[in-house]
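Participant: I'd like to ask you about the structure that follows.
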Amino acid sequence: MRMSGASTTSRRVREGETVDYEIAVGPGNARSVGGLNYRHQFHAGNFADVMKHALLVRLIRAMQRKDKGFVFVDTHAGRGEYDLARAAVGDRRARQPEWPDGVGRIWDRRDLPAELADYLDLVRAHDRAHGNLAPEPRFYPGSPALARRLARPQDRLSLWELQPAECAALRSEFGGGAGVAIEEADGYGAPRAALPPPERRALVLIDAPFEDADEWSRIRQALTDALARLPAAVCAVWYPLTARALSADVAATIVPLGRPALAVEIALPSSPAKLTGCGVAVINPPWGFEGEARGVAAALAAIFGPDGAAEAGVRWLVPDV
Ligand code: SAM
């Protein structure tokens with residue numbers, strides 16, 4: 001995806017080879033991308049994951065304030081969980097693991113606010129359950145693993161992943177579980193296929209790799225499809241916050257939908273870290289989410305900003321009147 005102030009490099013390869021694309025944005029780079037070769041493995045547990053997953057946990061908890069079940073639709077599910085020891089290995093080139101500047105920064109903290117401590121407790125429980133006895137984190141849960149850990153018997157997971165190897169890994173760990181459906185397919189089709197659910201309640205996460213120029217228009221269509229089928233669906237969209245143009249994309253995509261929408265953003269203006277910021281837009285935010293999101297954003301800004309200098313913002317894109 002071409003972004004204002006961004007530079008893109010790519011190398012052409014023969015069919016079947018790994019493609020590495022880097023989109024560098026501002027002083028750092030947001031995500032390694034490139035068609036179906038995007039691997040979240042290399043980014044697992046980074047700052048963006050911490051923010052996205054901490055907010056996802058708040059959203060799931062909010063959905064669960066009602067006894068009635070709901071379906072969690074994860075349009076870009078990834079492999080479900082990640083071995084951080086493998087993140088350092090890389091595929092064809094040495095890669096710096098990103099988790100030390102992400103979940104690594106909060107791993108030993110016992111003084112986190114409750115909104116964030118809840119997420120970290122879940123990550124620690126996942127790590128321990130997978131057998132890690134070392135002091136540093138090893139096994140990091142992706143969005144499917146967090147959702148499964150939190151799911152009640154009446155909740156369902158609809159997980160979509162297009163990359164065959166990633167989907168195979170997802171299936172081997174999550175397949176066959178009660179209330180879990182896995183599709184190796186384009187996740188932008190998930191809202192049309194999975195909504196409206198029998199429960200009439202849904203939480204949709206769109207966590208795209210932002211690799212294509214038309215990513216925002218596909219997100220817009222998926223959101224339109226979701227809200228046409230279930231106007232009260234809670235939809236969360238992760239996005240890189242790296243240039244003004246991107247913030248404009250968020251508003252241009254979300255505002256016309258005409259539903260209450262909140263944007264939670266953290267910018268690391270002068271950070272040496274790879275990410276310069278990211279956001280999560282939430283359409284139809286559940287009651288109480290705004291206050292919790294403010295708590296998460298403020299805590300993360302203090303932890304991740306160089307000298308505590310990160311900027312956290314929570315703003316209504318469409319006010320809830
Ligand atoms: N949501 C995951 C989590 O939080 O653990 C991380 C997902 S990762 C950022 C994006 C994933 O989307 C990658 O695994 C990639 O293979 C997959 N992907 C890319 N395009 C897709 C599409 N059109 N439909 C479904 N999955 C796609």
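Each chain of the structure tokens is named A, B, ... in the order shown, its residues numbered from 1; ligands are numbered from 1 in display order.
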Write out as a ChimeraX atom specification the residues lying within 10 Å of Asp49 (chain A), counting only C-alpha atoms and excluding same-chain residues fewer than 3 positions away.
Facilitator: /A:40,43-46,52-55,99,102-103,140-143,238,278
Participant: Compile the contact shell of region 283-295 of chain A as an MDAnalysis selection string: residues with an atom at most 6 Å away, counting only C-alpha atoms, same-chain residues fewer than 4 positions apart removed.
Facilitator: chainID A and resid 234:235 260:261
Participant: Please, could you write that set of residues out with C-alpha atoms as a CSV table (one decimal), in the first residue's frame?
Facilitator:
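New file again09.csv:
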chain,number,residue,atom,x,y,z
A,234,VAL,CA,-19.4,-4.6,16.8
A,235,CYS,CA,-16.6,-4.2,14.3
A,260,PRO,CA,-21.2,5.3,16.2
A,261,ALA,CA,-17.4,4.8,15.9
Participant: Extract, using only C-alpha atoms, all DNA, RNA and protein residues at most 8 Å from region 159-168 of chain A, discarding same-chain residues fewer than 5 positions from it, and format them as a ChimeraX atom specification.
Facilitator: /A:36-37,73-79,144,180-187,190
Participant: With C-alpha atoms retained, export the selected residues as an mmCIF file, in the first residue's frame.
Facilitator:
data_model
loop_
_atom_site.group_PDB
_atom_site.id
_atom_site.type_symbol
_atom_site.label_atom_id
_atom_site.label_comp_id
_atom_site.auth_asym_id
_atom_site.auth_seq_id
_atom_site.Cartn_x
_atom_site.Cartn_y
_atom_site.Cartn_z
ATOM 1 C CA LEU A 36 0.195 -14.093 0.533
ATOM 2 C CA ASN A 37 3.732 -14.189 1.852
ATOM 3 C CA VAL A 73 -15.500 -13.250 13.208
ATOM 4 C CA ASP A 74 -11.740 -12.914 12.643
ATOM 5 C CA THR A 75 -11.358 -11.989 8.949
ATOM 6 C CA HIS A 76 -7.539 -12.170 8.987
ATOM 7 C CA ALA A 77 -6.866 -14.775 11.673
ATOM 8 C CA GLY A 78 -3.225 -15.672 11.037
ATOM 9 C CA ARG A 79 -1.927 -18.979 12.439
ATOM 10 C CA PRO A 144 -7.884 -16.621 17.689
ATOM 11 C CA VAL A 180 -14.889 -23.075 16.027
ATOM 12 C CA ALA A 181 -15.208 -22.795 12.224
ATOM 13 C CA ILE A 182 -12.105 -22.247 10.093
ATOM 14 C CA GLU A 183 -12.185 -21.073 6.477
ATOM 15 C CA GLU A 184 -9.199 -20.993 4.138
ATOM 16 C CA ALA A 185 -10.653 -18.145 2.131
ATOM 17 C CA ASP A 186 -10.682 -14.414 1.579
ATOM 18 C CA GLY A 187 -11.713 -12.952 4.912
ATOM 19 C CA ALA A 190 -16.629 -13.350 5.945
#
Participant: Leaving out Lys68 (chain A) and any residue of its chain fewer than 6 positions from it, which residues lie within 9 Å of it when counting only C-alpha atoms, given as a list in words?
Facilitator: Gln154, Asp155, Glu199 and Arg201 of chain A
Participant: When distances are computed from only C-alpha atoms and all ligand atoms, which of A:Ala147, A:Leu230, A:Val282, A:Ala117 shows the smallest separation from ligand 1?
Facilitator: A:Ala147
Participant: Using CA of Val50 (chain A) and atom 27 (C, counted along the ligand's line) of ligand 1 as the two end points, give the distance in Å to one decimal.
Facilitator: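 Distance reported for this atom pair: 19.9 Å.
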Participant: List as a compact mmCIF listing (two decimals) with N, CA and C atoms, in the first residue's frame the protein and nucleic acid residues near Asp108 (chain A), meaning an atom at most 12 Å away when only C-alpha atoms are counted, but skip any in the same chain fewer than 6 places from it.
Facilitator:
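What follows is the written file selection.txt:
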# COMPACT_ATOMS: atom_id res chain seq x y z
N PRO A 100 10.47 -8.01 22.00
CA PRO A 100 11.08 -7.36 23.18
C PRO A 100 10.60 -5.92 23.36
N ALA A 117 -3.73 -5.39 32.65
CA ALA A 117 -3.31 -6.58 33.40
C ALA A 117 -4.14 -7.79 32.99
N LEU A 120 -2.56 -9.16 29.90
CA LEU A 120 -1.27 -9.77 30.16
C LEU A 120 -1.43 -11.10 30.90
N ASP A 121 -2.40 -11.17 31.80
CA ASP A 121 -2.66 -12.43 32.50
C ASP A 121 -3.02 -13.53 31.50
N ARG A 124 0.15 -14.55 29.65
CA ARG A 124 1.00 -15.38 30.53
C ARG A 124 0.42 -16.78 30.68
N PRO A 135 11.99 -17.37 32.01
CA PRO A 135 11.45 -16.10 32.54
C PRO A 135 10.89 -15.18 31.46
N GLU A 136 11.39 -15.28 30.23
CA GLU A 136 10.88 -14.41 29.18
C GLU A 136 9.76 -15.12 28.39
N PRO A 137 8.91 -14.36 27.72
CA PRO A 137 7.80 -15.00 27.01
C PRO A 137 8.29 -15.83 25.84
Participant: Would you please work out which residue, of A:Pro153, A:Gly177, A:Pro240, A:Pro97, is nearest to ligand 1 when using only C-alpha atoms and all ligand atoms?
Facilitator: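 Closest residue, counting only C-alpha atoms and all ligand atoms: A:Pro240.
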Participant: Among region 121-216 of chain A, which ones does DSSP place in alpha helix (DSSP H), written as a compact mmCIF listing (two decimals) with C-alpha atoms, in the first residue's frame?
Facilitator:
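Once everything was written out, this is selection.txt:
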# COMPACT_ATOMS: atom_id res chain seq x y z
CA ASP A 121 -2.66 -12.43 32.50
CA LEU A 122 -4.20 -14.16 29.47
CA VAL A 123 -0.93 -14.01 27.55
CA ARG A 124 1.00 -15.38 30.53
CA ALA A 125 -1.55 -18.17 30.98
CA HIS A 126 -1.21 -19.10 27.28
CA ASP A 127 2.57 -19.10 27.53
CA ARG A 128 2.56 -21.31 30.61
CA ALA A 129 -0.07 -23.66 29.18
CA SER A 143 -6.38 -13.12 18.19
CA PRO A 144 -7.88 -16.62 17.69
CA ALA A 145 -6.09 -18.00 20.75
CA LEU A 146 -7.15 -15.08 22.92
CA ALA A 147 -10.74 -15.40 21.74
CA ARG A 148 -10.75 -19.14 22.33
CA ARG A 149 -9.31 -18.70 25.81
CA LEU A 150 -12.13 -16.29 26.66
CA PRO A 164 -2.61 -21.97 3.05
CA ALA A 165 0.31 -22.70 5.41
CA GLU A 166 -0.98 -20.25 8.01
CA CYS A 167 -4.45 -21.70 7.72
CA ALA A 168 -3.09 -25.25 8.05
CA ALA A 169 -1.34 -24.24 11.29
CA LEU A 170 -4.54 -22.60 12.49
CA ARG A 171 -6.53 -25.71 11.65
CA SER A 172 -4.11 -28.08 13.36
CA GLU A 173 -4.36 -26.18 16.63
CA PHE A 174 -7.96 -24.97 16.53
CA ALA A 190 -16.63 -13.35 5.95
CA PRO A 191 -19.30 -10.76 6.78
CA ARG A 192 -21.45 -11.93 3.87
CA ALA A 193 -20.97 -15.60 4.78
CA ALA A 194 -21.13 -15.46 8.57
CA GLU A 215 -7.05 -2.45 1.34
CA TRP A 216 -9.19 0.41 2.65
Participant: Which polymer residues have any atom within 9 Å of an atom of Ala263 (chain A), counting only C-alpha atoms, with same-chain residues fewer than 6 positions away left out, as a VMD selection string?
Facilitator: chain A and resid 250 279 to 283 313 to 317
Participant: Just N, CA and C atoms for this one: save the residues we selected as a tab-separated table (two decimals), in the first residue's frame.
Facilitator:
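Produced file selection_26.tsv, reproduced below:
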chain	number	residue	atom	x	y	z
A	250	VAL	N	-8.96	6.45	7.50
A	250	VAL	CA	-9.81	5.87	8.54
A	250	VAL	C	-11.15	6.60	8.56
A	279	GLY	N	-3.61	2.20	15.18
A	279	GLY	CA	-4.92	2.51	15.72
A	279	GLY	C	-5.86	1.34	15.58
A	280	VAL	N	-6.91	1.39	16.36
A	280	VAL	CA	-8.01	0.43	16.23
A	280	VAL	C	-9.29	1.26	16.21
A	281	ALA	N	-10.02	1.15	15.11
A	281	ALA	CA	-11.33	1.82	15.02
A	281	ALA	C	-12.39	0.81	15.41
A	282	VAL	N	-13.30	1.24	16.27
A	282	VAL	CA	-14.35	0.33	16.74
A	282	VAL	C	-15.71	0.93	16.39
A	283	ILE	N	-16.45	0.22	15.57
A	283	ILE	CA	-17.80	0.65	15.19
A	283	ILE	C	-18.79	-0.02	16.15
A	313	GLY	N	-4.49	8.74	21.86
A	313	GLY	CA	-5.70	9.49	21.56
A	313	GLY	C	-6.89	8.56	21.42
A	314	VAL	N	-7.99	8.96	21.97
A	314	VAL	CA	-9.24	8.24	21.76
A	314	VAL	C	-10.24	9.28	21.28
A	315	ARG	N	-10.74	9.13	20.07
A	315	ARG	CA	-11.65	10.15	19.54
A	315	ARG	C	-12.82	9.47	18.87
A	316	TRP	N	-13.94	10.16	18.94
A	316	TRP	CA	-15.13	9.66	18.25
A	316	TRP	C	-15.04	10.06	16.79
A	317	LEU	N	-15.10	9.08	15.89
A	317	LEU	CA	-15.19	9.37	14.45
A	317	LEU	C	-16.63	9.71	14.12
Participant: Which of region 62-245 of chain A counts as strand (DSSP E or B) under DSSP, as a VMD selection string please?
Facilitator: chain A and resid 71 to 74 81 to 83 139 to 141 156 to 160 180 to 183 202 to 206 234 to 240
Participant: Quick one, how far is atom 10 (C, counted along the ligand's line) of ligand 1 from CA of Leu268 (chain A)?
Facilitator: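 Calculated distance between atom 10 (C, counted along the ligand's line) of ligand 1 and CA of Leu268 (chain A) is 22.1 Å.
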Participant: Can you tell me, as a list in words, what residues are no more than 6 Å from Ala310 (chain A) when counting only C-alpha atoms, ignoring any on the same chain fewer than 4 positions away?
Facilitator: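 Once the nearby chain positions are removed, what remains is Ala267, Leu268, Ala301 and Gly305 of chain A.
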Participant: Store the residues of this selection in a file with C-alpha atoms, as a short mmCIF file (atom, residue, chain, number, x, y, z; two decimals), in the first residue's frame.
Facilitator:
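selection.cif, freshly written:
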data_model
loop_
_atom_site.label_atom_id
_atom_site.label_comp_id
_atom_site.auth_asym_id
_atom_site.auth_seq_id
_atom_site.Cartn_x
_atom_site.Cartn_y
_atom_site.Cartn_z
CA ALA A 267 1.71 7.44 18.10
CA LEU A 268 5.36 7.01 18.97
CA ALA A 301 1.61 5.38 25.75
CA GLY A 305 6.86 5.98 24.32
#
Participant: Report, in Å to a single decimal, how far apart CA of Arg86 (chain A) and CA of Gly179 (chain A) are.
Facilitator: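 Going from CA of Gly179 (chain A) over to CA of Arg86 (chain A), I get 29.4 Å.
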